[in-house]
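> My file is data14.cif. It has mmCIF, C-alpha atoms:
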```
data_final
#
loop_
_atom_site.group_PDB
_atom_site.id
_atom_site.type_symbol
_atom_site.label_atom_id
_atom_site.label_comp_id
_atom_site.auth_asym_id
_atom_site.auth_seq_id
_atom_site.Cartn_x
_atom_site.Cartn_y
_atom_site.Cartn_z
ATOM 1 C CA MET A 17 70.584 10.225 33.492
ATOM 2 C CA ARG A 18 68.335 7.816 31.616
ATOM 3 C CA SER A 19 70.860 4.995 31.993
ATOM 4 C CA LEU A 20 71.023 5.647 35.741
ATOM 5 C CA LEU A 21 67.227 5.468 36.051
ATOM 6 C CA THR A 22 67.199 2.234 34.049
ATOM 7 C CA PHE A 23 69.926 0.840 36.290
ATOM 8 C CA LEU A 24 68.003 1.752 39.455
ATOM 9 C CA GLY A 25 64.773 0.353 38.001
ATOM 10 C CA LEU A 26 66.408 -3.010 37.289
ATOM 11 C CA LYS A 27 67.879 -3.020 40.779
ATOM 12 C CA ALA A 28 64.431 -2.360 42.264
ATOM 13 C CA ILE A 29 62.961 -5.304 40.333
ATOM 14 C CA ARG A 30 65.796 -7.537 41.532
ATOM 15 C CA LEU A 31 65.238 -6.387 45.105
ATOM 16 C CA VAL A 32 61.517 -7.222 45.028
ATOM 17 C CA THR A 33 62.248 -10.624 43.478
ATOM 18 C CA LEU A 34 64.992 -11.292 46.016
ATOM 19 C CA LEU A 35 62.821 -10.400 49.011
ATOM 20 C CA ALA A 36 59.947 -12.557 47.722
ATOM 21 C CA ALA A 37 62.231 -15.555 47.206
ATOM 22 C CA ILE A 38 63.938 -15.120 50.572
ATOM 23 C CA SER A 39 60.572 -14.817 52.328
ATOM 24 C CA ALA A 40 59.255 -18.046 50.827
ATOM 25 C CA ILE A 41 62.444 -20.042 51.405
ATOM 26 C CA SER A 42 62.866 -18.756 54.958
ATOM 27 C CA PHE A 43 59.272 -19.583 55.864
ATOM 28 C CA VAL A 44 59.620 -23.127 54.518
ATOM 29 C CA LEU A 45 62.834 -23.666 56.484
ATOM 30 C CA VAL A 46 61.360 -22.226 59.691
ATOM 31 C CA SER A 47 58.215 -24.343 59.311
ATOM 32 C CA ALA A 48 60.376 -27.467 58.920
ATOM 33 C CA SER A 49 62.308 -26.671 62.094
ATOM 34 C CA PRO A 50 61.973 -29.247 64.913
ATOM 35 C CA ILE A 51 61.499 -26.432 67.449
ATOM 36 C CA ASP A 52 57.992 -26.277 68.883
ATOM 37 C CA PRO A 53 57.139 -22.532 68.981
ATOM 38 C CA ILE A 54 54.432 -23.059 71.620
ATOM 39 C CA GLN A 55 56.788 -24.944 73.930
ATOM 40 C CA ALA A 56 59.469 -22.304 73.400
ATOM 41 C CA TYR A 57 56.868 -19.599 74.076
ATOM 42 C CA VAL A 58 55.684 -21.138 77.348
ATOM 43 C CA GLY A 59 59.132 -22.224 78.515
ATOM 44 C CA ALA A 60 59.528 -23.856 81.907
ATOM 45 C CA ASP A 61 55.783 -23.691 82.625
ATOM 46 C CA MET A 62 54.984 -26.127 79.818
ATOM 47 C CA MET A 63 54.025 -28.889 82.270
ATOM 48 C CA ARG A 64 51.440 -26.601 83.877
ATOM 49 C CA VAL A 65 49.749 -25.687 80.606
ATOM 50 C CA SER A 66 46.624 -27.659 79.793
ATOM 51 C CA PRO A 67 45.791 -28.817 76.262
ATOM 52 C CA GLU A 68 43.038 -26.186 76.149
ATOM 53 C CA GLN A 69 45.482 -23.424 77.044
ATOM 54 C CA ARG A 70 47.928 -24.737 74.479
ATOM 55 C CA GLN A 71 45.179 -24.554 71.864
ATOM 56 C CA GLN A 72 44.346 -20.988 72.853
ATOM 57 C CA ILE A 73 48.005 -19.979 72.518
ATOM 58 C CA ALA A 74 48.161 -21.583 69.073
ATOM 59 C CA GLU A 75 44.991 -19.761 68.004
ATOM 60 C CA HIS A 76 46.272 -16.429 69.344
ATOM 61 C CA TRP A 77 49.477 -16.614 67.315
ATOM 62 C CA GLY A 78 47.867 -18.312 64.302
ATOM 63 C CA LEU A 79 49.889 -21.494 64.766
ATOM 64 C CA ASP A 80 46.804 -23.684 64.409
ATOM 65 C CA LYS A 81 46.476 -22.844 60.709
ATOM 66 C CA PRO A 82 48.194 -24.655 57.828
ATOM 67 C CA PRO A 83 51.615 -23.289 56.817
ATOM 68 C CA ALA A 84 50.367 -22.024 53.451
ATOM 69 C CA GLU A 85 47.594 -20.014 55.103
ATOM 70 C CA ARG A 86 49.978 -18.609 57.708
ATOM 71 C CA PHE A 87 52.411 -17.531 54.990
ATOM 72 C CA ALA A 88 49.600 -15.914 52.998
ATOM 73 C CA ASN A 89 48.392 -14.000 56.063
ATOM 74 C CA TRP A 90 51.936 -12.892 56.876
ATOM 75 C CA GLY A 91 52.551 -11.795 53.277
ATOM 76 C CA THR A 92 49.300 -9.837 53.173
ATOM 77 C CA ALA A 93 50.195 -8.022 56.371
ATOM 78 C CA LEU A 94 53.708 -7.374 55.047
ATOM 79 C CA LEU A 95 52.326 -5.665 51.938
ATOM 80 C CA GLN A 96 50.434 -3.351 54.290
ATOM 81 C CA GLY A 97 53.641 -2.509 56.158
ATOM 82 C CA ASP A 98 53.026 -4.798 59.141
ATOM 83 C CA LEU A 99 55.828 -7.229 60.022
ATOM 84 C CA GLY A 100 53.767 -8.825 62.784
ATOM 85 C CA THR A 101 54.317 -9.135 66.516
ATOM 86 C CA SER A 102 57.281 -10.824 68.148
ATOM 87 C CA MET A 103 56.396 -13.842 70.296
ATOM 88 C CA ILE A 104 59.455 -13.281 72.499
ATOM 89 C CA TYR A 105 59.201 -9.556 73.141
ATOM 90 C CA ARG A 106 55.387 -9.157 72.725
ATOM 91 C CA ARG A 107 56.072 -6.062 70.641
ATOM 92 C CA PRO A 108 55.809 -5.187 66.949
ATOM 93 C CA VAL A 109 58.665 -6.707 64.977
ATOM 94 C CA ALA A 110 59.504 -3.361 63.379
ATOM 95 C CA GLU A 111 60.069 -1.814 66.817
ATOM 96 C CA VAL A 112 62.290 -4.691 67.957
ATOM 97 C CA ILE A 113 64.389 -4.535 64.782
ATOM 98 C CA GLY A 114 64.733 -0.759 64.989
ATOM 99 C CA GLU A 115 65.785 -0.851 68.626
ATOM 100 C CA ARG A 116 68.245 -3.718 68.235
ATOM 101 C CA PHE A 117 69.680 -2.416 64.962
ATOM 102 C CA ALA A 118 70.533 0.889 66.638
ATOM 103 C CA GLY A 119 72.969 -1.001 68.878
ATOM 104 C CA SER A 120 74.311 -3.137 66.051
ATOM 105 C CA LEU A 121 74.722 -0.155 63.722
ATOM 106 C CA ALA A 122 77.254 1.550 65.984
ATOM 107 C CA LEU A 123 79.162 -1.718 66.356
ATOM 108 C CA MET A 124 79.161 -2.545 62.637
ATOM 109 C CA PHE A 125 80.036 1.006 61.576
ATOM 110 C CA ALA A 126 83.006 1.119 63.945
ATOM 111 C CA ALA A 127 84.219 -2.281 62.709
ATOM 112 C CA TRP A 128 83.565 -1.346 59.058
ATOM 113 C CA LEU A 129 85.502 1.910 59.349
ATOM 114 C CA LEU A 130 88.376 0.381 61.309
ATOM 115 C CA SER A 131 88.778 -2.641 59.035
ATOM 116 C CA GLY A 132 88.658 -0.435 55.949
ATOM 117 C CA LEU A 133 91.303 2.001 57.177
ATOM 118 C CA LEU A 134 93.624 -0.674 58.568
ATOM 119 C CA GLY A 135 93.169 -2.949 55.561
ATOM 120 C CA PHE A 136 93.813 -0.127 53.106
ATOM 121 C CA ALA A 137 96.902 0.986 54.995
ATOM 122 C CA ALA A 138 98.242 -2.571 55.322
ATOM 123 C CA GLY A 139 97.648 -3.373 51.656
ATOM 124 C CA SER A 140 99.297 -0.144 50.518
ATOM 125 C CA LEU A 141 102.310 -0.731 52.755
ATOM 126 C CA ALA A 142 102.679 -4.321 51.545
ATOM 127 C CA ALA A 143 102.671 -3.204 47.906
ATOM 128 C CA MET A 144 105.174 -0.391 48.493
ATOM 129 C CA LYS A 145 107.430 -2.844 50.366
ATOM 130 C CA LYS A 146 106.980 -5.722 47.927
ATOM 131 C CA ASP A 147 109.066 -8.860 48.607
ATOM 132 C CA THR A 148 110.356 -7.532 51.926
ATOM 133 C CA TRP A 149 109.700 -9.008 55.361
ATOM 134 C CA ILE A 150 106.946 -6.397 55.858
ATOM 135 C CA ASP A 151 105.139 -7.608 52.743
ATOM 136 C CA ARG A 152 105.469 -11.260 53.756
ATOM 137 C CA LEU A 153 104.285 -10.527 57.300
ATOM 138 C CA ILE A 154 101.184 -8.672 56.099
ATOM 139 C CA GLN A 155 100.337 -11.416 53.596
ATOM 140 C CA TRP A 156 100.758 -14.100 56.271
ATOM 141 C CA TYR A 157 98.514 -12.122 58.593
ATOM 142 C CA CYS A 158 95.817 -11.720 55.911
ATOM 143 C CA TYR A 159 95.830 -15.335 54.744
ATOM 144 C CA THR A 160 95.706 -16.556 58.334
ATOM 145 C CA LEU A 161 92.780 -14.343 59.338
ATOM 146 C CA ALA A 162 90.898 -15.032 56.101
ATOM 147 C CA SER A 163 90.056 -18.488 57.482
ATOM 148 C CA THR A 164 89.558 -17.412 61.096
ATOM 149 C CA PRO A 165 85.950 -17.557 62.399
ATOM 150 C CA ALA A 166 84.710 -14.393 64.088
ATOM 151 C CA PHE A 167 83.531 -16.249 67.186
ATOM 152 C CA TRP A 168 86.977 -17.832 67.719
ATOM 153 C CA MET A 169 88.692 -14.463 67.426
ATOM 154 C CA GLY A 170 86.119 -13.000 69.817
ATOM 155 C CA LEU A 171 86.789 -15.685 72.411
ATOM 156 C CA LEU A 172 90.543 -15.142 72.062
ATOM 157 C CA LEU A 173 90.259 -11.375 72.563
ATOM 158 C CA LEU A 174 87.800 -11.900 75.409
ATOM 159 C CA LEU A 175 90.257 -14.164 77.228
ATOM 160 C CA LEU A 176 93.253 -11.918 76.619
ATOM 161 C CA PHE A 177 91.884 -8.404 77.167
ATOM 162 C CA GLY A 178 88.788 -9.120 79.235
ATOM 163 C CA VAL A 179 89.793 -11.950 81.584
ATOM 164 C CA TRP A 180 93.602 -12.018 81.836
ATOM 165 C CA LEU A 181 94.433 -8.315 81.468
ATOM 166 C CA GLY A 182 91.066 -6.939 82.615
ATOM 167 C CA TRP A 183 91.280 -3.915 80.312
ATOM 168 C CA PHE A 184 87.733 -4.187 78.940
ATOM 169 C CA PRO A 185 84.355 -5.559 80.119
ATOM 170 C CA VAL A 186 83.732 -9.185 79.232
ATOM 171 C CA ALA A 187 80.087 -8.839 78.157
ATOM 172 C CA LEU A 188 76.939 -6.733 77.667
ATOM 173 C CA GLY A 189 76.551 -3.345 75.994
ATOM 174 C CA VAL A 190 76.408 -1.306 79.229
ATOM 175 C CA PRO A 191 77.592 -1.864 82.819
ATOM 176 C CA ALA A 192 75.434 -4.327 84.761
ATOM 177 C CA GLY A 193 73.286 -2.909 87.554
ATOM 178 C CA VAL A 194 73.460 0.691 86.319
ATOM 179 C CA LEU A 195 70.300 2.667 85.574
ATOM 180 C CA ALA A 196 69.774 3.588 81.917
ATOM 181 C CA GLN A 197 69.907 7.341 82.620
ATOM 182 C CA GLU A 198 73.237 6.912 84.398
ATOM 183 C CA VAL A 199 74.980 5.113 81.525
ATOM 184 C CA THR A 200 77.506 7.385 79.798
ATOM 185 C CA TRP A 201 78.848 7.326 76.252
ATOM 186 C CA SER A 202 82.237 6.253 77.565
ATOM 187 C CA ASP A 203 80.575 3.200 79.150
ATOM 188 C CA ARG A 204 78.972 2.256 75.833
ATOM 189 C CA ILE A 205 82.195 2.765 73.892
ATOM 190 C CA GLN A 206 84.185 0.706 76.400
ATOM 191 C CA HIS A 207 81.753 -2.215 76.048
ATOM 192 C CA MET A 208 81.814 -1.897 72.251
ATOM 193 C CA ILE A 209 85.599 -1.953 71.786
ATOM 194 C CA LEU A 210 86.157 -5.718 71.961
ATOM 195 C CA PRO A 211 83.244 -6.711 69.647
ATOM 196 C CA ALA A 212 84.228 -4.013 67.139
ATOM 197 C CA LEU A 213 87.877 -5.062 67.319
ATOM 198 C CA THR A 214 86.856 -8.672 66.678
ATOM 199 C CA LEU A 215 84.952 -7.776 63.519
ATOM 200 C CA SER A 216 87.595 -5.373 62.231
ATOM 201 C CA ILE A 217 90.519 -7.782 62.712
ATOM 202 C CA VAL A 218 88.741 -10.513 60.764
ATOM 203 C CA GLY A 219 87.579 -8.060 58.065
ATOM 204 C CA ILE A 220 91.007 -6.613 57.275
ATOM 205 C CA SER A 221 92.133 -9.485 55.016
ATOM 206 C CA ASN A 222 90.030 -8.925 51.890
ATOM 207 C CA ILE A 223 90.572 -5.190 51.632
ATOM 208 C CA ALA A 224 94.305 -5.499 52.353
ATOM 209 C CA LEU A 225 94.957 -8.209 49.742
ATOM 210 C CA HIS A 226 92.826 -6.429 47.130
ATOM 211 C CA THR A 227 94.559 -3.091 47.768
ATOM 212 C CA ARG A 228 97.990 -4.705 47.588
ATOM 213 C CA GLN A 229 97.320 -6.316 44.221
ATOM 214 C CA LYS A 230 95.660 -3.196 42.810
ATOM 215 C CA LEU A 231 98.564 -0.999 43.862
ATOM 216 C CA LEU A 232 101.100 -3.452 42.414
ATOM 217 C CA ASP A 233 99.291 -3.194 39.066
ATOM 218 C CA VAL A 234 99.415 0.589 39.275
ATOM 219 C CA LEU A 235 103.108 0.617 40.200
ATOM 220 C CA ALA A 236 103.865 -1.579 37.179
ATOM 221 C CA SER A 237 102.120 0.800 34.750
ATOM 222 C CA ASP A 238 103.949 2.954 32.218
ATOM 223 C CA TYR A 239 103.088 6.316 33.763
ATOM 224 C CA VAL A 240 104.466 5.210 37.151
ATOM 225 C CA LEU A 241 107.661 4.009 35.496
ATOM 226 C CA PHE A 242 107.927 7.434 33.867
ATOM 227 C CA ALA A 243 107.359 9.088 37.267
ATOM 228 C CA ARG A 244 110.128 6.956 38.771
ATOM 229 C CA ALA A 245 112.415 8.044 35.943
ATOM 230 C CA ARG A 246 111.724 11.654 36.921
ATOM 231 C CA GLY A 247 112.897 10.905 40.444
ATOM 232 C CA GLU A 248 109.615 10.370 42.313
ATOM 233 C CA ARG A 249 109.916 7.876 45.148
ATOM 234 C CA GLY A 250 108.253 6.699 48.329
ATOM 235 C CA PHE A 251 105.193 8.437 49.753
ATOM 236 C CA ARG A 252 105.190 11.155 47.100
ATOM 237 C CA LEU A 253 104.900 8.560 44.343
ATOM 238 C CA PHE A 254 102.140 6.776 46.256
ATOM 239 C CA ARG A 255 100.215 9.994 46.952
ATOM 240 C CA ARG A 256 100.350 11.356 43.407
ATOM 241 C CA HIS A 257 99.869 8.195 41.362
ATOM 242 C CA GLY A 258 98.773 5.343 43.605
ATOM 243 C CA LEU A 259 96.279 6.718 46.108
ATOM 244 C CA ARG A 260 93.685 8.062 43.705
ATOM 245 C CA ASN A 261 93.779 4.891 41.605
ATOM 246 C CA ILE A 262 93.141 2.472 44.462
ATOM 247 C CA ALA A 263 90.993 4.463 46.924
ATOM 248 C CA LEU A 264 87.607 4.216 45.210
ATOM 249 C CA PRO A 265 87.939 0.530 44.184
ATOM 250 C CA ALA A 266 88.885 -0.281 47.778
ATOM 251 C CA LEU A 267 85.886 1.685 49.068
ATOM 252 C CA SER A 268 83.607 -0.139 46.642
ATOM 253 C CA LEU A 269 84.934 -3.500 47.820
ATOM 254 C CA GLN A 270 84.358 -2.425 51.415
ATOM 255 C CA PHE A 271 80.676 -1.765 50.697
ATOM 256 C CA THR A 272 80.263 -5.236 49.199
ATOM 257 C CA ALA A 273 81.477 -6.699 52.516
ATOM 258 C CA PHE A 274 78.177 -5.824 54.246
ATOM 259 C CA SER A 275 77.062 -9.467 54.194
ATOM 260 C CA GLU A 276 80.251 -10.678 55.906
ATOM 261 C CA LEU A 277 80.005 -7.797 58.364
ATOM 262 C CA PHE A 278 76.426 -8.661 59.287
ATOM 263 C CA GLY A 279 77.169 -12.368 59.620
ATOM 264 C CA GLY A 280 80.219 -11.686 61.745
ATOM 265 C CA ALA A 281 78.205 -9.333 63.966
ATOM 266 C CA VAL A 282 75.747 -12.138 64.737
ATOM 267 C CA LEU A 283 78.562 -14.332 66.083
ATOM 268 C CA ALA A 284 80.418 -11.511 67.839
ATOM 269 C CA GLU A 285 77.280 -10.339 69.635
ATOM 270 C CA GLN A 286 76.680 -13.854 70.898
ATOM 271 C CA VAL A 287 80.216 -14.167 72.234
ATOM 272 C CA PHE A 288 80.082 -10.834 74.065
ATOM 273 C CA SER A 289 76.327 -10.948 74.893
ATOM 274 C CA TYR A 290 76.050 -7.626 73.078
ATOM 275 C CA PRO A 291 72.388 -6.523 72.818
ATOM 276 C CA GLY A 292 72.134 -6.074 69.074
ATOM 277 C CA LEU A 293 70.285 -7.469 66.092
ATOM 278 C CA GLY A 294 72.559 -10.520 65.926
ATOM 279 C CA GLN A 295 71.625 -11.624 69.414
ATOM 280 C CA ALA A 296 67.937 -11.123 68.599
ATOM 281 C CA THR A 297 68.399 -13.307 65.499
ATOM 282 C CA VAL A 298 69.773 -16.204 67.525
ATOM 283 C CA GLU A 299 67.025 -15.869 70.148
ATOM 284 C CA ALA A 300 64.329 -15.817 67.474
ATOM 285 C CA GLY A 301 65.749 -18.955 65.855
ATOM 286 C CA LEU A 302 66.157 -20.920 69.076
ATOM 287 C CA ARG A 303 62.736 -19.960 70.447
ATOM 288 C CA GLY A 304 60.741 -20.327 67.234
ATOM 289 C CA ASP A 305 59.740 -16.659 66.927
ATOM 290 C CA VAL A 306 58.710 -16.858 63.276
ATOM 291 C CA PRO A 307 57.539 -13.225 62.772
ATOM 292 C CA LEU A 308 60.717 -11.789 64.276
ATOM 293 C CA LEU A 309 62.985 -14.203 62.433
ATOM 294 C CA LEU A 310 61.373 -13.478 59.066
ATOM 295 C CA GLY A 311 61.497 -9.751 59.732
ATOM 296 C CA ILE A 312 65.208 -9.919 60.540
ATOM 297 C CA VAL A 313 65.876 -12.028 57.435
ATOM 298 C CA LEU A 314 64.164 -9.449 55.211
ATOM 299 C CA PHE A 315 65.926 -6.579 56.928
ATOM 300 C CA SER A 316 69.349 -8.232 56.636
ATOM 301 C CA ALA A 317 68.747 -8.938 52.928
ATOM 302 C CA LEU A 318 67.814 -5.276 52.414
ATOM 303 C CA PHE A 319 70.900 -4.204 54.369
ATOM 304 C CA VAL A 320 73.254 -6.336 52.257
ATOM 305 C CA PHE A 321 71.515 -5.294 49.018
ATOM 306 C CA THR A 322 72.009 -1.639 49.942
ATOM 307 C CA GLY A 323 75.734 -2.205 50.415
ATOM 308 C CA ASN A 324 76.029 -3.933 47.033
ATOM 309 C CA LEU A 325 74.004 -1.156 45.385
ATOM 310 C CA ILE A 326 76.325 1.520 46.778
ATOM 311 C CA ALA A 327 79.297 -0.501 45.524
ATOM 312 C CA ASP A 328 77.768 -0.732 42.030
ATOM 313 C CA LEU A 329 77.117 3.019 41.972
ATOM 314 C CA LEU A 330 80.703 3.707 43.010
ATOM 315 C CA TYR A 331 81.979 1.425 40.268
ATOM 316 C CA ARG A 332 79.920 3.413 37.754
ATOM 317 C CA LEU A 333 81.591 6.582 38.988
ATOM 318 C CA VAL A 334 85.075 5.068 38.880
ATOM 319 C CA ASP A 335 84.918 3.309 35.510
ATOM 320 C CA PRO A 336 83.197 5.203 32.632
ATOM 321 C CA ARG A 337 83.167 1.975 30.583
ATOM 322 C CA ILE A 338 80.539 0.544 32.925
ATOM 323 C CA ARG A 339 78.267 3.552 32.355
ATOM 324 C CA GLU A 340 78.704 3.331 28.600
ATOM 325 C CA GLY A 341 78.069 -0.425 28.523
ATOM 326 C CA ARG A 342 74.898 -0.131 30.581
ATOM 327 C CA ALA A 343 73.688 2.813 28.542
ATOM 328 C CA LEU A 344 73.903 0.675 25.424
#
```
What would the structure in this file look like if it were written as structure tokens?

Amino acid sequence: MRSLLTFLGLKAIRLVTLLAAISAISFVLVSASPIDPIQAYVGADMMRVSPEQRQQIAEHWGLDKPPAERFANWGTALLQGDLGTSMIYRRPVAEVIGERFAGSLALMFAAWLLSGLLGFAAGSLAAMKKDTWIDRLIQWYCYTLASTPAFWMGLLLLLLFGVWLGWFPVALGVPAGVLAQEVTWSDRIQHMILPALTLSIVGISNIALHTRQKLLDVLASDYVLFARARGERGFRLFRRHGLRNIALPALSLQFTAFSELFGGAVLAEQVFSYPGLGQATVEAGLRGDVPLLLGIVLFSALFVFTGNLIADLLYRLVDPRIREGRAL
């Protein structure tokens, strides 16, 4: 118990340090951006805005102050639990992130679950059918998709299933022109299928290749050779000796893929115009919404850190040597 508390304490210190470093670096990069936040805020009416009005807008959003002072003010507000107000949506950043993340969470969870199940099944099948055409086909599929960008796969699926076949909607998270109270769950699921399929297809590779190699190591062990000598074959051998040895490591690896999942969601949401956190990230970057962009950066770092923390905890459960080493 004491080793677990020490482990969590060290993780908390790393999280605080990570968030502080990310905040400073992100603010410097945003401040160096060539995008004029006032021009992006005003938009097409920029020619009608007088210098006095421009000055008032800068004063209202604190853009007339030096970068160091703006960062200090933002950091002080952050310590008090205030992420600021979004320049695009004119709403608190926390509300925008919460609303947009609700849409992204369903998409990412569906893709995470689908990629994990398909990748685990494909990797297990490839290992059980080692050196056959099935194994070679699965490996070719994984190595090909490992270098495939999510946006390219999204465009391909959009053309095939959305435009040519017309099986799924081509964009948005709900049908266009339909009142919010009239949107059904089936409508939402139908609009989510293509983005989720895009993320899951790209995310299969890592878990499949890892599972294949892990299962091959298990199948080459002495106790599996002894089980084969007793007549165990096929699915029975896999269920009794392979499944329990590869399931938790595969699940741990899947949790560490949160960063790739989040990054892929940003691109997929842009391709399908899906109203999630990824689309809000791109809008904040292109329109110079510094409070919203910094809030999303901190939230995404916390999201990825949580996935890595869960993976570390699972590894501690799987391998007692890790617990003993950390306890020392």
> Which residues match the PyMOL selection byres ((chain A and resi 260-274) around 7) in the file above, as number ranges by chain?
A: 132, 223, 227, 230-231, 257-259, 275-278, 320, 323-324, 326-327, 330-331, 334
> How would the residues just picked look written out with C-alpha atoms as a tab-separated table (two decimals), keeping the file's coordinate frame?

```tsv
chain	number	residue	atom	x	y	z
A	132	GLY	CA	88.66	-0.44	55.95
A	223	ILE	CA	90.57	-5.19	51.63
A	227	THR	CA	94.56	-3.09	47.77
A	230	LYS	CA	95.66	-3.20	42.81
A	231	LEU	CA	98.56	-1.00	43.86
A	257	HIS	CA	99.87	8.20	41.36
A	258	GLY	CA	98.77	5.34	43.60
A	259	LEU	CA	96.28	6.72	46.11
A	275	SER	CA	77.06	-9.47	54.19
A	276	GLU	CA	80.25	-10.68	55.91
A	277	LEU	CA	80.00	-7.80	58.36
A	278	PHE	CA	76.43	-8.66	59.29
A	320	VAL	CA	73.25	-6.34	52.26
A	323	GLY	CA	75.73	-2.20	50.42
A	324	ASN	CA	76.03	-3.93	47.03
A	326	ILE	CA	76.32	1.52	46.78
A	327	ALA	CA	79.30	-0.50	45.52
A	330	LEU	CA	80.70	3.71	43.01
A	331	TYR	CA	81.98	1.42	40.27
A	334	VAL	CA	85.08	5.07	38.88
```
> Would you work out the distance separating atom CA of Phe177 of chain A from atom CA of Ala281 of chain A, expressed in Å to one decimal?
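If I compute the distance from atom CA of Phe177 of chain A to atom CA of Ala281 of chain A, I get 19.0 Å.
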> Just how far from atom CA of Leu302 of chain A is atom CA of Val186 of chain A, in Å to one decimal?
23.4 Å
> Compile the contact shell of segment 292-295 of chain A as a list in words: residues with an atom at most 7 Å away, counting only C-alpha atoms, same-chain residues fewer than 6 positions apart removed.
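Everything that qualifies: Ile113, Arg116, Phe117, Gly119, Ser120, Ala281, Val282, Glu285 and Gln286 of chain A.
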> Provide the atom CA of Ala317 of chain A to atom CA of Leu26 of chain A distance in Å, to one decimal place.
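Atom CA of Leu26 of chain A lies at a distance of 16.9 Å from atom CA of Ala317 of chain A.
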> Nearest to Leu161 of chain A: which of A:Pro53, A:Gly280, A:Gly25, A:Gly219 is it, counting all atoms listed in the file?
A:Gly219
> Here is a test: counting only C-alpha atoms, which residue of A:Arg303, A:Leu35, A:Arg70, A:Ser289 is nearest to Asp52 of chain A?
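Smallest distance to Asp52 of chain A is found for A:Arg303.
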> From the list A:Val306, A:Val32, A:Leu329, A:Ile205, which residue is nearest Ile51 of chain A when using all atoms listed in the file?
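For Ile51 of chain A, the nearest of the candidates is A:Val306.
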> Could you list, as a VMD selection string, every residue matched by the PyMOL selection byres ((chain A and resi 165-167) around 10) in this structure?
chain A and resid 161 to 164 168 to 173 211 214 to 219 277 279 to 288
> Can you write just those residues out, C-alpha atoms, as a PDB file, in the coordinates of the input?

```pdb
ATOM      1  CA  LEU A 161      92.780 -14.343  59.338  1.00  0.00           C
ATOM      2  CA  ALA A 162      90.898 -15.032  56.101  1.00  0.00           C
ATOM      3  CA  SER A 163      90.056 -18.488  57.482  1.00  0.00           C
ATOM      4  CA  THR A 164      89.558 -17.412  61.096  1.00  0.00           C
ATOM      5  CA  TRP A 168      86.977 -17.832  67.719  1.00  0.00           C
ATOM      6  CA  MET A 169      88.692 -14.463  67.426  1.00  0.00           C
ATOM      7  CA  GLY A 170      86.119 -13.000  69.817  1.00  0.00           C
ATOM      8  CA  LEU A 171      86.789 -15.685  72.411  1.00  0.00           C
ATOM      9  CA  LEU A 172      90.543 -15.142  72.062  1.00  0.00           C
ATOM     10  CA  LEU A 173      90.259 -11.375  72.563  1.00  0.00           C
ATOM     11  CA  PRO A 211      83.244  -6.711  69.647  1.00  0.00           C
ATOM     12  CA  THR A 214      86.856  -8.672  66.678  1.00  0.00           C
ATOM     13  CA  LEU A 215      84.952  -7.776  63.519  1.00  0.00           C
ATOM     14  CA  SER A 216      87.595  -5.373  62.231  1.00  0.00           C
ATOM     15  CA  ILE A 217      90.519  -7.782  62.712  1.00  0.00           C
ATOM     16  CA  VAL A 218      88.741 -10.513  60.764  1.00  0.00           C
ATOM     17  CA  GLY A 219      87.579  -8.060  58.065  1.00  0.00           C
ATOM     18  CA  LEU A 277      80.005  -7.797  58.364  1.00  0.00           C
ATOM     19  CA  GLY A 279      77.169 -12.368  59.620  1.00  0.00           C
ATOM     20  CA  GLY A 280      80.219 -11.686  61.745  1.00  0.00           C
ATOM     21  CA  ALA A 281      78.205  -9.333  63.966  1.00  0.00           C
ATOM     22  CA  VAL A 282      75.747 -12.138  64.737  1.00  0.00           C
ATOM     23  CA  LEU A 283      78.562 -14.332  66.083  1.00  0.00           C
ATOM     24  CA  ALA A 284      80.418 -11.511  67.839  1.00  0.00           C
ATOM     25  CA  GLU A 285      77.280 -10.339  69.635  1.00  0.00           C
ATOM     26  CA  GLN A 286      76.680 -13.854  70.898  1.00  0.00           C
ATOM     27  CA  VAL A 287      80.216 -14.167  72.234  1.00  0.00           C
ATOM     28  CA  PHE A 288      80.082 -10.834  74.065  1.00  0.00           C
TER      29      PHE A 288
END
```
> Using the file's own x, y and z axes, so that the box edges lie along x, y and z, what centre and edge lengths in Å (one decimal) does a box around every listed atom of segment 87-102 of chain A get when 5 Å is added on each side? Give it as AutoDock Vina command-line options.

```
--center_x 52.8 --center_y -10.0 --center_z 60.0 --size_x 18.9 --size_y 25.0 --size_z 26.2
```
> Around the point (104.7, -5.1, 48.4) (coordinates from the file), which residues reach within 10 Å if we count all atoms listed in the file? Answer as a VMD selection string.
chain A and resid 138 to 152 154 to 155 228 to 229 231 to 232
> Select, from A:Ala224, A:Ala110, A:Val58, A:Leu45, the residue with the minimum atom-to-atom distance to Leu133 of chain A, counting all atoms listed in the file.
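Of A:Ala224, A:Ala110, A:Val58, A:Leu45, the one nearest Leu133 of chain A is A:Ala224, counting all atoms listed in the file.
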> Which residues come within 10 Å of Ser102 of chain A, counting all atoms listed in the file, excluding same-chain residues fewer than 4 positions away, as a list in words?
Trp77, Arg106, Arg107, Pro108, Val109, Ala110, Glu111, Val112, Ala300, Asp305, Val306, Pro307, Leu308, Leu309 and Gly311 of chain A
> Let me make sure I understand: among A:Ala243, A:Met124, A:Ala88, A:Leu153, which one has the smallest atom-to-atom distance to Ile209 of chain A if we use only C-alpha atoms?
A:Met124
